[in-house]
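Colleague: Would you mind keeping the following structure in view while I ask a few things?
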Amino acid sequence: MTLVKETDYGTPARDPASSVTLEIDGKPVAVAAGTSVMRAAMESGVRVPRLCATDSLEPFGSCRLCLVEIEGRKGTPASCTTPVEAGMKVTTQSAKLARLRRGVMELYISDHPLDCLTCPANGDCELQDMAGAVGLREVRYGYEGANHLDAAKDESNPYFTFDPAKCIVCSRCVRACEETQGTFALTVKGRGFASKISPGDMLFLDSECVSCGACVQACPTATLTEKSVIEMGQPQDSIVTTCAYCGVGCAFKAELQGNDVVRMVPFKDGKANHGHSCVKGRFAWGYTTHRDRILSPMIREKITDPWREVSWEEAVGRAASEFKRIQARYGNDSIGGITSSRCTNEETFLVQKLVRAGFGNNNVDTCARVCHSPTGYGLKTAFGTSAGTQDFDSIDQADVVVVIGANPTDAHPVFASRMKRRLRDGADLIVIDPRRIDLVQQPHIKAKYHLGLRPGTNVAVINALAHVVVTEGLVDEAFVAERCDPAAFNSWRAFIAEERHAPEAVETLTGVPAEAVRGAARLYATAANAAIYYGLGVTEHSQGSTMVMGMANLAMATGNLGRAGVGINPLRGQNNVQGSCDMGSFPHEFSGYRHVSDDSVRAVFEEVWGVRLGGEPGLRIPNMLDAAVDGTFKGLYIQGEDIVQSDPNTRHVTAGLEAMECVVIQDLFLNETASYAHVFLPGSSFLEKDGTFTNAERRISRVRKAIPPRAGLADWEITMALANALGYEMAYSHPSEVMAEIARLTPTFAGVTYEKLDRLGSIQWPCNERAPEGTPVMHADGFVRGKGQFMITEFVATDERTTDRFPLLLTTGRILSQYNVGAQTRRTANVAWFDEDVLEIHPWDAENRGVNEGDLVELASRAGATTLHARISDRMQPGVVYTTFHFPGSAVNVVTTEFADWATECPEYKVTAVQVRKTSRPSEWQEHYEETRRDTTRRKGRSAEVTGG
Ligand code: SF4
Ligand code: SF4
Ligand code: SF4
Ligand code: FES
């Protein structure tokens, strides 16, 4: 390995359609109109010295290092801010320019500590490079008099330091925070010599900074530097890989010294992130070396026994012999497997293959069940395929952006930054969410409409929006006539036009003023391009699938499909939710969403896999747990998932697991579910293996092994070993061979190879003969299913109702610095921002209950009770409370119920009737949890303490 270099000056030309020819240092060069002279020079192979300019930011023109001479013009203009003109003659090198540049550099260096040899940026410092480039050999001005060399360091951020003594006030950091991240945390305070960079006159940690790292990336000096670089020194090697946190799928360079990661740097050529990152992907990778990592396979007879470390052979052998014993005693269908949306496509494909071909049943499910299964069902019904319609770049063409039940600034931060940029550039925003999420109002952004609906009334609101479209003559008749099924459209039009769907008719039910619904509908329907982005606030409802179809109806009726700037875009929670669904992890579908009952599809798999396959769908996760409680389901293999913490109604989950005779967990840590396990197989982190992830825009990206698996085997190798021990042979020598099998068996992946992924960087499926390099925008020439299918979306209220006993509604979500069940982020320094789930409660509801900020409160539903500390917040509407579920000790899913989406059994996390009251002690469940945790820690002799990483 060596350090990977990105494309320099990769920013797209402003107007690629029209070309301008000019001369640079006597050589003709043709560039797009609007290109800067600096970039034109770069394209002709000439590097003009620069400090305040960088290809990822708008030019600023402050450092005066990039001066050039232009024939016929006075003075020496800054090349970074001067646009090209036809026939221009530019000189970049002359004695005069050299003298001027040296003078500029001399001034910078005279107020800069000359400690290059001991500086952490030594070898990676643009100031140092530029001093060399302009030939500065001596500095005439000393440190005497006023200078900034004694300025105090700010080391409050856990991941980077701010050393103002090294700052040249080039303002790149300020601009990165504004333009790239959209947070506006930094300002230049003061003028001239007194000017300095400030995170709002406070420490970074206390400021608005969200620790995305964009300023650190942009800084040309060592002023903003990663602490890991200060501690370890400059990296020697790097390899490009994909973030293992959220569904944005950012590309990173893992920069290394031997087998140690020094830092993760967002990759400028990454097509999902274009060089940007968030605090999780950029900095929160320390969990991979956390002392809680389990590095030896372990077994035990009973779940009350201590764990015993054993060899891989013994652990895998035990799992296989137990599964065989259980099947011999209780029948073929008494065992199953769960794949993970955190693992690679290749790994999930192998787990479902193991279940179908090795176990001989279809009892395989995935954690995507509990988040986006309604997306699969709804979009497949409407359009014919289960995927978001656009690429992320599409947002740049949107004129109206609708965000429904999603909180991108916390859950999909890099895409949120992109979205915010588009909103600052003029697109209008509609937010449909019970909570006033950050996007509703923040610097330079204000939603035109925030429809703060009551949880559980999504379908009533989407129907009301569609009613306005249909009854006010806003239907795109030409699009519907050409692209959609006419009979289905006509019956939907008649249904939705009924007065009972009018915004006024549902106002009391939804809590949304009718005028706001009418205004939002008109804005969406009359925009040239309107795009819907949505999240789990849509899917995790008893009518999740109905809502997805409701959004599809709205987009079809207004013609907002099939081109850039429009579409229906699910924001996937975990890194590989899309991939785990694509790979056939659901019990009723093979890879590529083909039903197991289809004889012709089964025949293809049978031929390649060499076994007979069942045509009946298997058990979903909730069915497996029900069957376990009933005594018919006895063994479970879980790869990379913690169902005790993540799935609803924890008591039911643990009852199911307790009833099983062999639970095999493959994970990085002894997670909550491992408390009920008999075999533990230590998994590998994303840094330790090869494979691919598929992000929310269907983009397949490579995961590349940066370091060897710490426990000895990559996850795909573990599944393979288990299959072989069960007597079903798997013999892959590399995940590329698994991908070759996926491509052979899955029409939408037919053209995907590792060689092509390496060549193109990433590929959006479908990728096959018709689209050899992938498909950025779906349904451009027609829907996958042929004609778009309008569906009747009758609103049916959830059975979960508020009562006198449980008068409030609980809804749940995520926070930026933590991720999902927190197994990774809790084991990093991200706890500096958030180390406990809290209950957000409206001031009225708090006052009624005598609850003050920080009080311990009991949160009780008919499923169970837990306790949390209260945070009084008017982001919630009265009658609604909100929390996150990142910490196992808060046991939020003890409270959520077993209600689920009617079509897919996706749990209804977003609506639980609860009561809140002050308390002074933890719930019974939490006391039980603490006891178990102490016990596990004692038996394992490990600390479960959270530490920085
Ligand atoms: S902190 Fe870095 S990027 Fe910001 S002004 Fe100073 S030198 Fe420039
Ligand atoms: S880390 Fe990100 S949010 Fe924080 S100051 Fe830098 S650019 Fe702004
Ligand atoms: S936005 Fe998502 S994929 Fe990108 S760095 Fe953050 S967590 Fe990783
Ligand atoms: S790089 Fe052009 S003025 Fe700084």
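Ordering of the structure tokens sets the chain letters (A, B, ...), residue numbers begin anew at 1 in every chain, and ligands are numbered from 1 in the order given.
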So which residues touch stretch 532-549 of chain A within 7 Å, counting only C-alpha atoms, skipping near sequence neighbours fewer than 6 positions away, as a ChimeraX atom specification?
Modeller: /A:371-372,374-375,377-379,382,401-406,456,458-459,567-572,791,793,798,899-903,906-910
Colleague: Need the shell around stretch 658-669 of chain A: protein/DNA/RNA residues with any atom at most 7 Å away, counting only C-alpha atoms. Skip same-chain ones fewer than 2 positions apart. Format as a ChimeraX atom specification?
Modeller: /A:292-294,319,322,628-629,633-640,654-656,671,674,676-684
Colleague: Leaving out A:Asn830 and any residue of its chain fewer than 3 positions from it, which residues lie within 12 Å of it when counting only C-alpha atoms, given as a PyMOL selection string?
Modeller: chain A and resi 157-159+205+210-212+278-287+815-819+822-827+833-836+886+946-949
Colleague: How would you write, as number ranges by chain, the set of residues no farther than 6 Å from ligand 4 when counting only C-alpha atoms and all ligand atoms?
Modeller: A: 50-53, 61-66, 78-80
Colleague: Would you save the residues of that selection, restricted to N, CA, C and O atoms, as an mmCIF file, in the first residue's frame?
Modeller:
data_model
loop_
_atom_site.group_PDB
_atom_site.id
_atom_site.type_symbol
_atom_site.label_atom_id
_atom_site.label_comp_id
_atom_site.auth_asym_id
_atom_site.auth_seq_id
_atom_site.Cartn_x
_atom_site.Cartn_y
_atom_site.Cartn_z
ATOM 1 N N ARG A 50 -0.725 28.742 -3.752
ATOM 2 C CA ARG A 50 -2.001 29.175 -3.165
ATOM 3 C C ARG A 50 -2.009 28.825 -1.693
ATOM 4 O O ARG A 50 -1.348 27.863 -1.278
ATOM 5 N N LEU A 51 -2.778 29.534 -0.925
ATOM 6 C CA LEU A 51 -2.979 29.172 0.480
ATOM 7 C C LEU A 51 -4.453 29.215 0.873
ATOM 8 O O LEU A 51 -4.960 28.306 1.501
ATOM 9 N N CYS A 52 -5.145 30.281 0.469
ATOM 10 C CA CYS A 52 -6.533 30.364 0.922
ATOM 11 C C CYS A 52 -7.484 29.618 -0.008
ATOM 12 O O CYS A 52 -8.635 29.407 0.335
ATOM 13 N N ALA A 53 -7.021 29.218 -1.184
ATOM 14 C CA ALA A 53 -7.895 28.502 -2.119
ATOM 15 C C ALA A 53 -7.741 27.002 -1.956
ATOM 16 O O ALA A 53 -6.653 26.506 -1.654
ATOM 17 N N GLY A 61 -9.875 34.738 -2.145
ATOM 18 C CA GLY A 61 -8.984 35.825 -2.545
ATOM 19 C C GLY A 61 -8.369 36.599 -1.406
ATOM 20 O O GLY A 61 -8.252 37.818 -1.481
ATOM 21 N N SER A 62 -7.941 35.915 -0.351
ATOM 22 C CA SER A 62 -7.427 36.679 0.789
ATOM 23 C C SER A 62 -5.914 36.583 0.951
ATOM 24 O O SER A 62 -5.294 37.475 1.502
ATOM 25 N N CYS A 63 -5.293 35.511 0.490
ATOM 26 C CA CYS A 63 -3.884 35.331 0.853
ATOM 27 C C CYS A 63 -2.922 36.055 -0.092
ATOM 28 O O CYS A 63 -1.782 36.333 0.266
ATOM 29 N N ARG A 64 -3.359 36.338 -1.305
ATOM 30 C CA ARG A 64 -2.557 37.057 -2.302
ATOM 31 C C ARG A 64 -1.309 36.275 -2.738
ATOM 32 O O ARG A 64 -0.331 36.868 -3.165
ATOM 33 N N LEU A 65 -1.342 34.981 -2.594
ATOM 34 C CA LEU A 65 -0.180 34.195 -3.013
ATOM 35 C C LEU A 65 -0.309 33.753 -4.475
ATOM 36 O O LEU A 65 0.677 33.423 -5.120
ATOM 37 N N CYS A 66 -1.523 33.750 -4.968
ATOM 38 C CA CYS A 66 -1.764 33.153 -6.289
ATOM 39 C C CYS A 66 -1.760 34.211 -7.388
ATOM 40 O O CYS A 66 -2.366 34.018 -8.435
ATOM 41 N N ALA A 78 -5.525 38.112 -8.417
ATOM 42 C CA ALA A 78 -5.504 36.779 -7.792
ATOM 43 C C ALA A 78 -6.114 35.779 -8.766
ATOM 44 O O ALA A 78 -7.242 35.976 -9.236
ATOM 45 N N SER A 79 -5.366 34.734 -9.088
ATOM 46 C CA SER A 79 -5.852 33.791 -10.104
ATOM 47 C C SER A 79 -7.047 32.979 -9.604
ATOM 48 O O SER A 79 -7.838 32.489 -10.397
ATOM 49 N N CYS A 80 -7.190 32.852 -8.281
ATOM 50 C CA CYS A 80 -8.282 32.007 -7.771
ATOM 51 C C CYS A 80 -9.634 32.672 -7.930
ATOM 52 O O CYS A 80 -10.653 31.996 -8.024
#
Colleague: Collect all residues with atoms no farther than 7 Å from ligand 1, counting only C-alpha atoms and all ligand atoms, and output them as number ranges by chain.
Modeller: A: 164, 166-174, 197, 215, 218-221, 223-224
Colleague: Export N, CA, C and O atoms of the chosen residues as an mmCIF file, in the first residue's frame?
Modeller:
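Contents of selection-v2.cif, as written:
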data_model
loop_
_atom_site.group_PDB
_atom_site.id
_atom_site.type_symbol
_atom_site.label_atom_id
_atom_site.label_comp_id
_atom_site.auth_asym_id
_atom_site.auth_seq_id
_atom_site.Cartn_x
_atom_site.Cartn_y
_atom_site.Cartn_z
ATOM 1 N N PRO A 164 -4.069 28.181 17.759
ATOM 2 C CA PRO A 164 -4.127 29.445 17.013
ATOM 3 C C PRO A 164 -2.768 30.052 16.728
ATOM 4 O O PRO A 164 -2.641 30.893 15.833
ATOM 5 N N LYS A 166 -0.546 28.780 15.184
ATOM 6 C CA LYS A 166 -0.129 28.355 13.837
ATOM 7 C C LYS A 166 -1.075 28.860 12.749
ATOM 8 O O LYS A 166 -0.907 28.532 11.582
ATOM 9 N N CYS A 167 -2.074 29.636 13.157
ATOM 10 C CA CYS A 167 -3.128 30.038 12.220
ATOM 11 C C CYS A 167 -2.665 31.190 11.332
ATOM 12 O O CYS A 167 -2.080 32.168 11.806
ATOM 13 N N ILE A 168 -2.943 31.087 10.040
ATOM 14 C CA ILE A 168 -2.602 32.176 9.124
ATOM 15 C C ILE A 168 -3.858 32.939 8.704
ATOM 16 O O ILE A 168 -3.835 33.726 7.756
ATOM 17 N N VAL A 169 -4.973 32.651 9.375
ATOM 18 C CA VAL A 169 -6.271 33.319 9.126
ATOM 19 C C VAL A 169 -6.618 33.318 7.629
ATOM 20 O O VAL A 169 -7.035 34.331 7.066
ATOM 21 N N CYS A 170 -6.460 32.163 7.023
ATOM 22 C CA CYS A 170 -6.802 32.034 5.608
ATOM 23 C C CYS A 170 -8.297 31.839 5.419
ATOM 24 O O CYS A 170 -8.801 31.920 4.312
ATOM 25 N N SER A 171 -8.961 31.512 6.546
ATOM 26 C CA SER A 171 -10.418 31.407 6.535
ATOM 27 C C SER A 171 -10.965 30.160 5.831
ATOM 28 O O SER A 171 -12.159 30.034 5.625
ATOM 29 N N ARG A 172 -10.083 29.267 5.467
ATOM 30 C CA ARG A 172 -10.580 28.044 4.835
ATOM 31 C C ARG A 172 -11.508 27.278 5.781
ATOM 32 O O ARG A 172 -12.503 26.708 5.373
ATOM 33 N N CYS A 173 -11.137 27.261 7.078
ATOM 34 C CA CYS A 173 -11.950 26.527 8.048
ATOM 35 C C CYS A 173 -13.344 27.127 8.162
ATOM 36 O O CYS A 173 -14.348 26.405 8.205
ATOM 37 N N VAL A 174 -13.405 28.454 8.176
ATOM 38 C CA VAL A 174 -14.700 29.134 8.297
ATOM 39 C C VAL A 174 -15.560 28.785 7.095
ATOM 40 O O VAL A 174 -16.744 28.459 7.212
ATOM 41 N N ILE A 197 -9.542 33.294 14.340
ATOM 42 C CA ILE A 197 -10.635 32.348 14.126
ATOM 43 C C ILE A 197 -11.258 32.008 15.480
ATOM 44 O O ILE A 197 -10.547 31.731 16.444
ATOM 45 N N CYS A 215 -13.281 21.420 8.692
ATOM 46 C CA CYS A 215 -12.296 22.503 8.891
ATOM 47 C C CYS A 215 -10.892 21.906 9.050
ATOM 48 O O CYS A 215 -9.916 22.480 8.565
ATOM 49 N N ALA A 218 -9.646 21.114 5.747
ATOM 50 C CA ALA A 218 -9.361 22.285 4.907
ATOM 51 C C ALA A 218 -8.122 23.051 5.371
ATOM 52 O O ALA A 218 -7.517 23.779 4.591
ATOM 53 N N CYS A 219 -7.760 22.913 6.634
ATOM 54 C CA CYS A 219 -6.701 23.751 7.198
ATOM 55 C C CYS A 219 -5.353 23.455 6.533
ATOM 56 O O CYS A 219 -4.894 22.310 6.523
ATOM 57 N N PRO A 220 -4.695 24.486 5.983
ATOM 58 C CA PRO A 220 -3.423 24.230 5.296
ATOM 59 C C PRO A 220 -2.230 24.157 6.240
ATOM 60 O O PRO A 220 -1.109 23.920 5.805
ATOM 61 N N THR A 221 -2.465 24.403 7.528
ATOM 62 C CA THR A 221 -1.368 24.369 8.501
ATOM 63 C C THR A 221 -1.700 23.340 9.584
ATOM 64 O O THR A 221 -2.673 22.618 9.469
ATOM 65 N N THR A 223 -2.795 24.111 12.442
ATOM 66 C CA THR A 223 -3.657 24.766 13.434
ATOM 67 C C THR A 223 -4.764 23.829 13.880
ATOM 68 O O THR A 223 -5.030 23.672 15.076
ATOM 69 N N LEU A 224 -5.436 23.233 12.913
ATOM 70 C CA LEU A 224 -6.471 22.239 13.221
ATOM 71 C C LEU A 224 -5.908 20.879 12.827
ATOM 72 O O LEU A 224 -5.696 20.612 11.637
#
Colleague: Would you give me, as an MDAnalysis selection string, the residues in stretch 657-817 of chain A that DSSP reads as strand (DSSP E or B)?
Modeller: chainID A and resid 662:667 679:682 691:694 699:703 762:764 783 786 788 808:813
Colleague: Now that the selection is made, can you save its residues with C-alpha atoms as a PDB file, in the first residue's frame?
Modeller:
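Saved file part05.pdb follows:
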ATOM      1  CA  CYS A 662     -28.593 -22.929  21.016  1.00  0.00           C
ATOM      2  CA  VAL A 663     -28.106 -19.253  20.264  1.00  0.00           C
ATOM      3  CA  VAL A 664     -24.973 -18.417  18.267  1.00  0.00           C
ATOM      4  CA  ILE A 665     -23.842 -14.786  18.222  1.00  0.00           C
ATOM      5  CA  GLN A 666     -21.298 -13.430  15.774  1.00  0.00           C
ATOM      6  CA  ASP A 667     -20.345  -9.927  16.820  1.00  0.00           C
ATOM      7  CA  VAL A 679     -21.661 -19.859  21.310  1.00  0.00           C
ATOM      8  CA  PHE A 680     -19.868 -16.584  20.631  1.00  0.00           C
ATOM      9  CA  LEU A 681     -17.982 -16.154  17.347  1.00  0.00           C
ATOM     10  CA  PRO A 682     -15.860 -12.967  17.344  1.00  0.00           C
ATOM     11  CA  GLY A 691     -16.590  -6.798   0.586  1.00  0.00           C
ATOM     12  CA  THR A 692     -19.172  -4.255  -0.535  1.00  0.00           C
ATOM     13  CA  PHE A 693     -21.888  -2.103   1.042  1.00  0.00           C
ATOM     14  CA  THR A 694     -24.890  -0.696  -0.837  1.00  0.00           C
ATOM     15  CA  ARG A 699     -24.620   2.611  -4.730  1.00  0.00           C
ATOM     16  CA  ILE A 700     -22.432  -0.460  -4.331  1.00  0.00           C
ATOM     17  CA  SER A 701     -19.055   0.555  -2.889  1.00  0.00           C
ATOM     18  CA  ARG A 702     -16.007  -1.445  -1.947  1.00  0.00           C
ATOM     19  CA  VAL A 703     -15.070  -2.182   1.623  1.00  0.00           C
ATOM     20  CA  SER A 762     -18.825   2.603  -7.206  1.00  0.00           C
ATOM     21  CA  ILE A 763     -21.876   1.387  -9.132  1.00  0.00           C
ATOM     22  CA  GLN A 764     -25.591   2.007  -8.626  1.00  0.00           C
ATOM     23  CA  PHE A 783     -41.422   2.001 -14.396  1.00  0.00           C
ATOM     24  CA  GLY A 786     -44.412  -1.316 -16.636  1.00  0.00           C
ATOM     25  CA  GLY A 788     -46.977   2.887 -12.330  1.00  0.00           C
ATOM     26  CA  LEU A 808     -48.979  10.653  25.995  1.00  0.00           C
ATOM     27  CA  LEU A 809     -47.478   9.353  22.748  1.00  0.00           C
ATOM     28  CA  LEU A 810     -43.837   8.273  22.697  1.00  0.00           C
ATOM     29  CA  THR A 811     -41.834   8.501  19.490  1.00  0.00           C
ATOM     30  CA  THR A 812     -38.153   7.547  19.102  1.00  0.00           C
ATOM     31  CA  GLY A 813     -35.194   8.594  16.978  1.00  0.00           C
TER      32      GLY A 813
END
Colleague: Near A:Pro77, within 8 Å and counting only C-alpha atoms, which residues show up once chain neighbours fewer than 6 positions away are dropped, as a PyMOL selection string?
Modeller: chain A and resi 67-70
Colleague: Output N, CA and C atoms for every residue in that selection, as a compact mmCIF listing (two decimals), in the first residue's frame.
Modeller:
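What ended up in selection19.txt:
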# COMPACT_ATOMS: atom_id res chain seq x y z
N LEU A 67 -1.06 35.32 -7.13
CA LEU A 67 -1.05 36.41 -8.10
C LEU A 67 -0.52 35.95 -9.46
N VAL A 68 -1.11 36.52 -10.52
CA VAL A 68 -0.62 36.26 -11.88
C VAL A 68 -0.60 37.58 -12.63
N GLU A 69 0.00 37.58 -13.80
CA GLU A 69 -0.08 38.75 -14.68
C GLU A 69 -0.95 38.39 -15.87
N ILE A 70 -1.79 39.32 -16.27
CA ILE A 70 -2.67 39.10 -17.42
C ILE A 70 -2.45 40.24 -18.41
Colleague: With the cut-off set at 8 Å and counting only C-alpha atoms and all ligand atoms, tabulate each residue of chain A with an atom at most that distance from an atom of ligand 3, showing the nearest atom pair and its distance in Å to one decimal, ordered by chain and increasing number, as a tab-separated table.
Modeller:
residue	atom	partner	partner_atom_place_in_ligand_line	distance
A:Thr242	CA	ligand 3	3 (S)	7.4
A:Cys243	CA	ligand 3	8 (Fe)	4.6
A:Ala244	CA	ligand 3	8 (Fe)	6.3
A:Tyr245	CA	ligand 3	7 (S)	4.4
A:Cys246	CA	ligand 3	2 (Fe)	3.9
A:Gly247	CA	ligand 3	3 (S)	5.9
A:Val248	CA	ligand 3	3 (S)	4.4
A:Gly249	CA	ligand 3	3 (S)	4.0
A:Cys250	CA	ligand 3	4 (Fe)	4.2
A:Ala251	CA	ligand 3	4 (Fe)	7.6
A:Pro266	CA	ligand 3	5 (S)	7.7
A:Asn273	CA	ligand 3	4 (Fe)	6.8
A:His276	CA	ligand 3	5 (S)	7.6
A:Ser277	CA	ligand 3	5 (S)	4.3
A:Cys278	CA	ligand 3	6 (Fe)	4.1
A:Val279	CA	ligand 3	6 (Fe)	6.3
A:Lys280	CA	ligand 3	7 (S)	5.0
A:Gly281	CA	ligand 3	5 (S)	3.6
A:Arg282	CA	ligand 3	5 (S)	5.8
A:Ala411	CA	ligand 3	2 (Fe)	7.4
A:His412	CA	ligand 3	1 (S)	5.0
A:Pro413	CA	ligand 3	1 (S)	4.7
A:Val414	CA	ligand 3	1 (S)	4.3
A:Phe415	CA	ligand 3	1 (S)	6.6
A:Asn575	CA	ligand 3	3 (S)	6.7
Colleague: For the structure I just gave you, how does DSSP split stretch 160-242 of chain A - specifically, which residues are helix (DSSP H, G or I)? Reply as a VMD selection string.
Modeller: chain A and resid 164 to 166 172 to 181 192 to 194 204 to 206 214 to 218 227 to 232
Colleague: Go ahead and dump the residues you just picked, N, CA and C atoms, as an mmCIF file, in the first residue's frame.
Modeller:
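To be explicit, this is the file written out as selection-v2.cif:
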data_model
loop_
_atom_site.group_PDB
_atom_site.id
_atom_site.type_symbol
_atom_site.label_atom_id
_atom_site.label_comp_id
_atom_site.auth_asym_id
_atom_site.auth_seq_id
_atom_site.Cartn_x
_atom_site.Cartn_y
_atom_site.Cartn_z
ATOM 1 N N PRO A 164 -4.069 28.181 17.759
ATOM 2 C CA PRO A 164 -4.127 29.445 17.013
ATOM 3 C C PRO A 164 -2.768 30.052 16.728
ATOM 4 N N ALA A 165 -1.733 29.613 17.455
ATOM 5 C CA ALA A 165 -0.395 30.150 17.182
ATOM 6 C C ALA A 165 0.032 29.826 15.756
ATOM 7 N N LYS A 166 -0.546 28.780 15.184
ATOM 8 C CA LYS A 166 -0.129 28.355 13.837
ATOM 9 C C LYS A 166 -1.075 28.860 12.749
ATOM 10 N N ARG A 172 -10.083 29.267 5.467
ATOM 11 C CA ARG A 172 -10.580 28.044 4.835
ATOM 12 C C ARG A 172 -11.508 27.278 5.781
ATOM 13 N N CYS A 173 -11.137 27.261 7.078
ATOM 14 C CA CYS A 173 -11.950 26.527 8.048
ATOM 15 C C CYS A 173 -13.344 27.127 8.162
ATOM 16 N N VAL A 174 -13.405 28.454 8.176
ATOM 17 C CA VAL A 174 -14.700 29.134 8.297
ATOM 18 C C VAL A 174 -15.560 28.785 7.095
ATOM 19 N N ARG A 175 -14.930 28.830 5.932
ATOM 20 C CA ARG A 175 -15.691 28.557 4.710
ATOM 21 C C ARG A 175 -16.087 27.083 4.622
ATOM 22 N N ALA A 176 -15.207 26.187 5.097
ATOM 23 C CA ALA A 176 -15.560 24.758 5.084
ATOM 24 C C ALA A 176 -16.771 24.521 5.981
ATOM 25 N N CYS A 177 -16.780 25.189 7.126
ATOM 26 C CA CYS A 177 -17.899 24.999 8.049
ATOM 27 C C CYS A 177 -19.192 25.540 7.445
ATOM 28 N N GLU A 178 -19.077 26.629 6.712
ATOM 29 C CA GLU A 178 -20.279 27.215 6.099
ATOM 30 C C GLU A 178 -20.683 26.456 4.839
ATOM 31 N N GLU A 179 -19.750 26.337 3.908
ATOM 32 C CA GLU A 179 -20.118 25.831 2.584
ATOM 33 C C GLU A 179 -20.282 24.321 2.551
ATOM 34 N N THR A 180 -19.340 23.611 3.160
ATOM 35 C CA THR A 180 -19.369 22.153 3.066
ATOM 36 C C THR A 180 -20.298 21.556 4.098
ATOM 37 N N GLN A 181 -20.149 22.013 5.339
ATOM 38 C CA GLN A 181 -20.931 21.418 6.417
ATOM 39 C C GLN A 181 -22.246 22.141 6.651
ATOM 40 N N GLY A 192 -7.644 42.892 10.387
ATOM 41 C CA GLY A 192 -6.213 43.047 10.168
ATOM 42 C C GLY A 192 -5.402 42.125 11.053
ATOM 43 N N PHE A 193 -4.390 42.705 11.699
ATOM 44 C CA PHE A 193 -3.483 41.902 12.523
ATOM 45 C C PHE A 193 -4.228 41.217 13.677
ATOM 46 N N ALA A 194 -5.314 41.869 14.154
ATOM 47 C CA ALA A 194 -6.044 41.328 15.313
ATOM 48 C C ALA A 194 -7.017 40.227 14.931
ATOM 49 N N PHE A 204 -14.295 24.794 21.441
ATOM 50 C CA PHE A 204 -14.925 24.015 20.365
ATOM 51 C C PHE A 204 -16.005 23.093 20.925
ATOM 52 N N LEU A 205 -15.703 22.417 22.011
ATOM 53 C CA LEU A 205 -16.645 21.416 22.525
ATOM 54 C C LEU A 205 -17.958 22.051 22.960
ATOM 55 N N ASP A 206 -17.898 23.294 23.412
ATOM 56 C CA ASP A 206 -19.123 23.951 23.877
ATOM 57 C C ASP A 206 -19.839 24.701 22.759
ATOM 58 N N ALA A 214 -14.567 18.948 8.669
ATOM 59 C CA ALA A 214 -14.327 19.638 7.383
ATOM 60 C C ALA A 214 -13.271 20.732 7.546
ATOM 61 N N CYS A 215 -13.281 21.420 8.692
ATOM 62 C CA CYS A 215 -12.296 22.503 8.891
ATOM 63 C C CYS A 215 -10.892 21.906 9.050
ATOM 64 N N VAL A 216 -10.813 20.776 9.712
ATOM 65 C CA VAL A 216 -9.511 20.128 9.905
ATOM 66 C C VAL A 216 -8.947 19.728 8.545
ATOM 67 N N GLN A 217 -9.836 19.210 7.722
ATOM 68 C CA GLN A 217 -9.451 18.787 6.382
ATOM 69 C C GLN A 217 -8.975 19.987 5.557
ATOM 70 N N ALA A 218 -9.646 21.114 5.747
ATOM 71 C CA ALA A 218 -9.361 22.285 4.907
ATOM 72 C C ALA A 218 -8.122 23.051 5.371
ATOM 73 N N LYS A 227 -5.960 14.670 16.728
ATOM 74 C CA LYS A 227 -5.124 14.269 17.862
ATOM 75 C C LYS A 227 -4.397 12.956 17.570
ATOM 76 N N SER A 228 -5.032 12.101 16.764
ATOM 77 C CA SER A 228 -4.373 10.821 16.457
ATOM 78 C C SER A 228 -3.094 11.058 15.659
ATOM 79 N N VAL A 229 -3.074 12.093 14.819
ATOM 80 C CA VAL A 229 -1.851 12.393 14.053
ATOM 81 C C VAL A 229 -0.789 12.964 14.995
ATOM 82 N N ILE A 230 -1.239 13.811 15.943
ATOM 83 C CA ILE A 230 -0.276 14.371 16.900
ATOM 84 C C ILE A 230 0.356 13.239 17.710
ATOM 85 N N GLU A 231 -0.473 12.261 18.080
ATOM 86 C CA GLU A 231 0.053 11.161 18.908
ATOM 87 C C GLU A 231 0.898 10.184 18.105
ATOM 88 N N MET A 232 0.467 9.886 16.878
ATOM 89 C CA MET A 232 1.098 8.781 16.144
ATOM 90 C C MET A 232 2.044 9.236 15.043
#
Colleague: Can you list, as a ChimeraX atom specification, every protein, DNA or RNA residue that comes within 8 Å of A:Leu619 when you count only C-alpha atoms, leaving out same-chain residues fewer than 5 positions away?
Modeller: /A:362-365,587,624
Colleague: Using only C-alpha atoms and all ligand atoms for the distances, tell me which of A:Ser417, A:Ala32, A:Ala272, A:Ser923 is nearest to ligand 2.
Modeller: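 Answer, going by the shortest atom-to-atom distance: A:Ser417.
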Colleague: Taking 2 positions as the minimum chain separation for residues in the same chain, which residues sit within 7 Å of A:Phe806 when counting only C-alpha atoms? Answer as a CSV table (one decimal) with C-alpha atoms, in the first residue's frame.
Modeller:
chain,number,residue,atom,x,y,z
A,802,THR,CA,-53.8,7.0,24.3
A,803,THR,CA,-56.0,6.4,27.3
A,804,ASP,CA,-56.4,8.0,30.7
A,808,LEU,CA,-49.0,10.7,26.0
A,861,SER,CA,-46.5,1.8,28.6
A,913,ALA,CA,-49.0,5.3,24.4
A,914,VAL,CA,-47.2,6.1,27.6
A,915,GLN,CA,-47.4,7.9,30.9
